[in-house]
>>> print(open('coords18.txt').read())   # compact mmCIF, C-alpha atoms
# COMPACT_ATOMS: atom_id res chain seq x y z
CA MET A 24 42.57 17.28 -85.92
CA LEU A 25 45.07 15.56 -83.62
CA ASP A 26 47.85 14.70 -86.05
CA GLN A 27 51.02 13.62 -84.19
CA LYS A 28 49.60 14.58 -80.79
CA VAL A 29 50.14 12.30 -77.77
CA ILE A 30 47.01 11.73 -75.69
CA LEU A 31 46.50 9.91 -72.37
CA ILE A 32 43.00 8.61 -71.66
CA THR A 33 42.15 7.20 -68.24
CA GLY A 34 39.23 4.82 -67.95
CA ALA A 35 39.92 3.74 -71.51
CA SER A 36 38.29 0.34 -70.97
CA GLY A 37 34.89 1.98 -70.35
CA GLY A 38 32.40 2.98 -73.01
CA ILE A 39 33.21 6.68 -73.25
CA GLY A 40 36.95 6.16 -72.76
CA HIS A 41 37.01 3.50 -75.46
CA ALA A 42 35.05 5.61 -77.93
CA THR A 43 37.27 8.61 -77.23
CA ALA A 44 40.41 6.55 -77.84
CA VAL A 45 39.06 5.34 -81.17
CA GLU A 46 38.13 8.86 -82.27
CA CYS A 47 41.45 10.36 -81.17
CA ALA A 48 43.33 7.71 -83.11
CA LYS A 49 41.19 8.36 -86.18
CA GLN A 50 42.20 12.00 -85.94
CA GLY A 51 45.90 11.08 -85.99
CA ALA A 52 46.86 10.94 -82.31
CA PHE A 53 49.01 8.39 -80.53
CA VAL A 54 46.89 7.20 -77.61
CA TYR A 55 47.88 5.81 -74.23
CA LEU A 56 45.05 3.58 -72.99
CA ALA A 57 45.00 3.66 -69.19
CA GLY A 58 42.97 1.50 -66.85
CA ARG A 59 42.98 -1.54 -64.57
CA LYS A 60 41.43 -4.10 -66.94
CA GLU A 61 44.49 -5.15 -68.90
CA SER A 62 42.78 -7.85 -71.00
CA VAL A 63 40.06 -5.41 -72.08
CA LEU A 64 42.60 -2.70 -72.90
CA LEU A 65 44.71 -5.12 -74.93
CA ASP A 66 41.65 -6.10 -76.98
CA ILE A 67 40.90 -2.43 -77.60
CA ALA A 68 44.52 -1.76 -78.58
CA LYS A 69 44.33 -4.45 -81.26
CA ASN A 70 42.02 -2.18 -83.24
CA ILE A 71 44.03 0.98 -82.55
CA PRO A 72 47.50 0.50 -84.08
CA ASN A 73 48.84 3.84 -82.80
CA SER A 74 48.20 3.09 -79.14
CA GLN A 75 49.76 1.58 -76.06
CA VAL A 76 48.27 0.08 -72.93
CA LEU A 77 49.14 1.39 -69.46
CA THR A 78 47.68 -0.85 -66.75
CA TYR A 79 47.45 0.83 -63.36
CA ASP A 80 45.09 2.04 -60.65
CA VAL A 81 44.35 5.75 -61.12
CA THR A 82 43.83 6.13 -57.35
CA ASP A 83 47.31 4.81 -56.49
CA ASP A 84 49.77 7.72 -56.50
CA SER A 85 52.88 5.58 -56.99
CA GLN A 86 51.34 3.74 -59.95
CA VAL A 87 50.23 7.04 -61.51
CA LYS A 88 53.75 8.45 -61.21
CA GLN A 89 55.20 5.31 -62.80
CA ALA A 90 52.79 5.65 -65.72
CA PHE A 91 53.85 9.25 -66.36
CA THR A 92 57.52 8.28 -66.11
CA ARG A 93 56.89 5.70 -68.82
CA ILE A 94 55.15 8.28 -71.02
CA MET A 95 58.06 10.67 -70.57
CA LYS A 96 60.64 8.04 -71.47
CA GLN A 97 58.76 6.75 -74.50
CA SER A 98 57.15 9.88 -75.94
CA GLY A 99 58.93 12.76 -74.23
CA ARG A 100 55.74 14.82 -74.33
CA LEU A 101 52.03 14.86 -73.63
CA ASP A 102 49.65 17.02 -75.64
CA GLY A 103 46.32 15.93 -74.20
CA LEU A 104 44.86 14.32 -71.08
CA VAL A 105 41.33 12.96 -70.79
CA ASN A 106 40.31 12.24 -67.20
CA CYS A 107 37.61 9.70 -67.99
CA ALA A 108 38.02 7.17 -65.17
CA GLY A 109 34.93 7.20 -63.01
CA VAL A 110 32.59 5.30 -60.75
CA MET A 111 28.91 5.92 -59.93
CA LEU A 112 27.29 4.43 -56.82
CA ASP A 113 23.62 5.32 -56.50
CA ASN A 114 22.09 5.33 -53.03
CA SER A 115 19.78 7.44 -50.93
CA PHE A 116 21.51 10.10 -48.87
CA MET A 117 20.60 8.44 -45.57
CA MET A 118 21.98 5.09 -46.72
CA THR A 119 25.19 6.36 -48.32
CA ARG A 120 28.28 5.28 -46.43
CA VAL A 121 31.24 7.63 -46.06
CA SER A 122 33.35 4.91 -47.72
CA GLU A 123 31.12 5.19 -50.83
CA LEU A 124 31.61 8.94 -50.89
CA GLN A 125 35.37 8.53 -50.49
CA GLN A 126 35.53 5.94 -53.27
CA GLN A 127 33.78 8.24 -55.72
CA LEU A 128 35.83 11.26 -54.70
CA SER A 129 39.04 9.26 -55.04
CA THR A 130 38.24 7.96 -58.52
CA ASN A 131 36.22 10.81 -59.99
CA THR A 132 37.97 13.83 -58.50
CA VAL A 133 41.31 13.14 -56.83
CA SER A 134 42.61 11.04 -59.72
CA ALA A 135 41.86 13.92 -62.11
CA PHE A 136 43.73 16.26 -59.76
CA THR A 137 46.85 14.07 -59.59
CA HIS A 138 46.87 13.27 -63.31
CA SER A 139 46.51 16.94 -64.19
CA GLN A 140 49.43 17.85 -61.92
CA LEU A 141 51.73 15.38 -63.61
CA ALA A 142 50.43 16.18 -67.09
CA LEU A 143 51.19 19.85 -66.49
CA ARG A 144 54.87 19.09 -66.00
CA LEU A 145 55.02 17.70 -69.53
CA MET A 146 52.70 20.23 -71.15
CA ALA A 147 54.28 23.33 -69.62
CA LYS A 148 57.60 22.51 -71.28
CA ASN A 149 56.00 23.11 -74.67
CA ARG A 150 53.63 25.78 -73.34
CA SER A 151 50.81 23.86 -74.95
CA GLY A 152 48.28 21.23 -73.96
CA SER A 153 44.64 20.39 -73.36
CA ILE A 154 43.04 18.68 -70.38
CA VAL A 155 39.46 17.44 -70.66
CA ASN A 156 37.60 16.24 -67.58
CA LEU A 157 34.52 14.03 -67.77
CA CYS A 158 32.12 15.90 -65.53
CA SER A 159 28.38 15.22 -65.41
CA VAL A 160 24.99 16.87 -65.69
CA VAL A 161 24.45 15.46 -62.18
CA GLY A 162 27.36 17.51 -60.90
CA GLU A 163 25.87 20.63 -62.45
CA GLN A 164 22.26 20.15 -61.38
CA GLY A 165 22.22 17.53 -58.62
CA SER A 166 20.13 14.36 -58.56
CA ALA A 167 18.12 12.59 -55.87
CA GLY A 168 19.77 9.33 -54.86
CA GLN A 169 23.17 10.46 -56.16
CA SER A 170 24.41 12.90 -53.53
CA ALA A 171 27.89 11.35 -53.27
CA TYR A 172 28.32 11.06 -57.03
CA ALA A 173 27.08 14.63 -57.52
CA THR A 174 29.54 15.85 -54.90
CA SER A 175 32.47 14.23 -56.71
CA LYS A 176 31.44 15.59 -60.09
CA ALA A 177 30.64 19.09 -58.82
CA ALA A 178 34.12 19.17 -57.29
CA LEU A 179 35.54 18.13 -60.66
CA SER A 180 33.76 21.03 -62.34
CA GLY A 181 35.25 23.40 -59.78
CA LEU A 182 38.70 21.94 -60.39
CA THR A 183 38.23 22.37 -64.14
CA LYS A 184 37.43 26.07 -63.87
CA SER A 185 40.18 26.78 -61.35
CA LEU A 186 42.84 25.03 -63.44
CA ALA A 187 41.71 26.89 -66.55
CA LYS A 188 42.37 30.19 -64.77
CA GLU A 189 45.71 29.06 -63.37
CA LEU A 190 47.18 27.18 -66.32
CA GLY A 191 46.19 29.49 -69.15
CA SER A 192 49.38 31.50 -68.63
CA VAL A 193 51.47 28.47 -69.65
CA GLY A 194 49.32 27.64 -72.68
CA VAL A 195 47.36 24.78 -71.15
CA ARG A 196 43.59 24.71 -71.69
CA VAL A 197 41.25 22.90 -69.30
CA ASN A 198 37.63 22.08 -70.08
CA GLY A 199 34.94 19.70 -68.93
CA VAL A 200 32.31 17.69 -70.77
CA ALA A 201 29.10 17.00 -68.84
CA PRO A 202 27.28 14.01 -70.34
CA GLY A 203 23.60 13.37 -69.79
CA PHE A 204 22.05 9.89 -70.00
CA ILE A 205 24.57 7.90 -72.07
CA GLU A 206 24.33 4.24 -73.06
CA THR A 207 27.27 2.66 -71.21
CA ALA A 208 27.87 -0.16 -68.74
CA MET A 209 27.54 2.41 -65.95
CA THR A 210 23.92 3.11 -66.89
CA GLN A 211 22.78 -0.44 -67.69
CA SER A 212 20.95 -0.67 -64.37
CA TYR A 213 18.61 2.11 -65.50
CA GLN A 214 15.72 0.14 -66.92
CA GLY A 215 11.93 0.27 -67.09
CA GLU A 216 10.16 3.44 -65.97
CA LYS A 217 13.37 5.05 -64.74
CA ARG A 218 14.99 4.66 -68.15
CA GLN A 219 11.91 5.88 -69.99
CA HIS A 220 11.63 8.91 -67.72
CA LEU A 221 15.20 9.94 -68.57
CA ILE A 222 14.54 9.53 -72.27
CA THR A 223 11.35 11.60 -72.23
CA SER A 224 13.13 14.24 -70.11
CA THR A 225 15.74 14.62 -72.85
CA ALA A 226 14.79 17.17 -75.50
CA LEU A 227 16.13 14.99 -78.32
CA ASN A 228 14.08 12.09 -76.92
CA ARG A 229 16.86 9.54 -77.11
CA ILE A 230 19.74 8.07 -75.14
CA GLY A 231 23.15 9.48 -75.96
CA SER A 232 26.00 7.34 -77.22
CA ALA A 233 29.62 7.18 -76.15
CA GLU A 234 30.49 8.44 -79.62
CA ASP A 235 28.43 11.60 -78.98
CA ILE A 236 30.73 12.39 -76.06
CA ALA A 237 33.92 11.32 -77.82
CA ALA A 238 33.33 13.75 -80.67
CA VAL A 239 33.19 16.73 -78.32
CA VAL A 240 36.17 15.57 -76.24
CA THR A 241 38.27 15.15 -79.39
CA PHE A 242 37.34 18.64 -80.55
CA LEU A 243 38.39 20.12 -77.20
CA LEU A 244 41.74 18.34 -77.44
CA SER A 245 42.37 19.82 -80.88
CA ASP A 246 43.84 23.16 -81.94
CA SER A 247 40.40 24.00 -83.37
CA ALA A 248 39.34 24.66 -79.75
CA GLY A 249 42.40 26.82 -79.14
CA PHE A 250 40.43 29.71 -77.57
CA ILE A 251 38.14 27.56 -75.42
CA THR A 252 39.03 27.01 -71.78
CA GLY A 253 37.24 26.84 -68.44
CA GLN A 254 34.01 25.58 -69.98
CA ILE A 255 31.75 22.77 -68.80
CA ILE A 256 30.06 21.75 -72.02
CA GLY A 257 26.80 19.85 -71.63
CA VAL A 258 26.44 16.97 -74.06
CA ASP A 259 23.08 15.77 -72.81
CA GLY A 260 20.57 16.07 -75.63
CA GLY A 261 18.78 18.80 -73.72
CA LEU A 262 18.35 16.89 -70.46
CA SER A 263 19.54 19.93 -68.51
CA LEU A 264 17.05 22.33 -70.09
>>> encode(input="coords18.txt", output="structure tokens")
Amino acid sequence: MLDQKVILITGASGGIGHATAVECAKQGAFVYLAGRKESVLLDIAKNIPNSQVLTYDVTDDSQVKQAFTRIMKQSGRLDGLVNCAGVMLDNSFMMTRVSELQQQLSTNTVSAFTHSQLALRLMAKNRSGSIVNLCSVVGEQGSAGQSAYATSKAALSGLTKSLAKELGSVGVRVNGVAPGFIETAMTQSYQGEKRQHLITSTALNRIGSAEDIAAVVTFLLSDSAGFITGQIIGVDGGLSL
């Protein structure tokens, strides 16, 4: 589905980012693996021959610009961007520090904004491209104890829809994927009754996998989704029902 396409994936060292990189490569894409954990990314790249590691902080504007300059020099194009970098800090509303809100906004929302701006410069030249943002069921429905995280993800959903309306005229599609309870390092702290409650609240009665999300992201990056834009697609096993 992605033969000869060039894809940038932020947060590629995480579970969903890693799985998405593997799936994109299987579908024929050249993948840029972006993140801060260079050793982890290099290990991942060993199993993805058509890939390259870009080590930088997605919240640092100068480092982001340098990464895109490198992509331009080496590939001369960018067909797909997956804004997968994210952080989740659970806390009650009364105990949430403004610094925790700012950290989640910076990583989950602002980085997607800046990456999409720079990606557009490359995509608009070919009047073609696909941006996929990793949103969340929490951003769509809210969640007690996750007010800051929900704020950052709800903002990302708003950005997704606004960009879809604005960038459609230059051939760039923008969509979001809203995962439910997915088995990743980010959700490892969910154990015991809390974990079981989430499972029983999911219609399919199971935890989702990173591969479940990667399959949908890859589809949205492909030409098969050529008439899909501005959508926040829930991949949550029915948790949001």
>>> atom_distance(input="coords18.txt", atom1="atom CA of Phe53 of chain A", atom2="atom CA of Ile32 of chain A")
10.7 Å
>>> atom_distance(input="coords18.txt", atom1="atom CA of Val200 of chain A", atom2="atom CA of Lys60 of chain A")
23.9 Å
>>> closest_residue(input="coords18.txt", among="A:Ala233, A:Met118, A:Ala57, A:Leu145", to="Lys96 of chain A", atoms="all atoms listed in the file")
A:Leu145
>>> atom_distance(input="coords18.txt", atom1="atom CA of Gly257 of chain A", atom2="atom CA of Ser180 of chain A")
11.7 Å
>>> closest_residue(input="coords18.txt", among="A:Val121, A:Leu77, A:Ala226, A:Val240", to="Thr43 of chain A", atoms="all atoms listed in the file")
A:Val240
>>> residues_around(input="coords18.txt", residues="Leu64 of chain A", least_positions_apart="6", cutoff="8 Å", atoms="only C-alpha atoms", output="PyMOL selection string")
chain A and resi 35-36+56-58+76
>>> residues_around(input="coords18.txt", residues="segment 158-172 of chain A", least_positions_apart="2", cutoff="8 Å", atoms="only C-alpha atoms", output="list in words")
Met111, Leu112, Asp113, Asn114, Ser115, Phe116, Thr119, Glu123, Leu124, Gln127, Leu128, Asn156, Thr174, Ser175, Lys176, Ala177, Ala178, Leu179, Ser180, Gly199, Val200, Ala201, Pro202, Gly203, Ile255, Gly257, Asp259 and Ser263 of chain A
>>> axis_aligned_box(input="coords18.txt", around="segment 114-123 of chain A", padding_each_side="6 Å", output="lines of an AutoDock Vina configuration file")
center_x = 26.6
center_y = 7.5
center_z = -49.3
size_x = 25.6
size_y = 17.2
size_z = 19.5
>>> closest_residue(input="coords18.txt", among="A:Ile67, A:Leu141, A:Ile30, A:Ala48", to="Gln89 of chain A", atoms="all atoms listed in the file")
A:Leu141
>>> residues_around(input="coords18.txt", residues="Gly249 of chain A", least_positions_apart="2", cutoff="12 Å", atoms="only C-alpha atoms", output="MDAnalysis selection string")
chainID A and resid 24 151:154 191 194:198 242:247 251:253
>>> decode(input="coords18.txt", residues="segment 232-245 of chain A", atoms="N, CA and C atoms", output="tab-separated table (two decimals), in the first residue's frame")
chain	number	residue	atom	x	y	z
A	232	SER	N	-3.86	-4.13	20.84
A	232	SER	CA	-2.42	-4.23	20.63
A	232	SER	C	-1.94	-3.06	19.79
A	233	ALA	N	-0.64	-2.81	19.85
A	233	ALA	CA	-0.05	-1.75	19.03
A	233	ALA	C	-0.28	-2.03	17.55
A	234	GLU	N	-0.29	-3.31	17.20
A	234	GLU	CA	-0.51	-3.70	15.80
A	234	GLU	C	-1.93	-3.35	15.33
A	235	ASP	N	-2.91	-3.38	16.25
A	235	ASP	CA	-4.27	-2.98	15.92
A	235	ASP	C	-4.29	-1.53	15.44
A	236	ILE	N	-3.53	-0.68	16.13
A	236	ILE	CA	-3.47	0.73	15.77
A	236	ILE	C	-2.66	0.93	14.50
A	237	ALA	N	-1.54	0.24	14.40
A	237	ALA	CA	-0.66	0.39	13.24
A	237	ALA	C	-1.36	0.07	11.93
A	238	ALA	N	-2.23	-0.92	11.95
A	238	ALA	CA	-2.93	-1.31	10.73
A	238	ALA	C	-3.81	-0.19	10.20
A	239	VAL	N	-4.48	0.52	11.11
A	239	VAL	CA	-5.36	1.62	10.71
A	239	VAL	C	-4.55	2.84	10.27
A	240	VAL	N	-3.47	3.13	10.99
A	240	VAL	CA	-2.61	4.25	10.62
A	240	VAL	C	-2.03	4.04	9.22
A	241	THR	N	-1.56	2.83	8.95
A	241	THR	CA	-0.98	2.52	7.64
A	241	THR	C	-2.01	2.68	6.53
A	242	PHE	N	-3.22	2.24	6.79
A	242	PHE	CA	-4.30	2.41	5.80
A	242	PHE	C	-4.53	3.90	5.51
A	243	LEU	N	-4.57	4.73	6.55
A	243	LEU	CA	-4.82	6.15	6.37
A	243	LEU	C	-3.68	6.84	5.61
A	244	LEU	N	-2.49	6.30	5.72
A	244	LEU	CA	-1.35	6.85	4.98
A	244	LEU	C	-1.39	6.49	3.50
A	245	SER	N	-2.12	5.44	3.18
A	245	SER	CA	-2.12	4.90	1.82
A	245	SER	C	-3.11	5.60	0.90
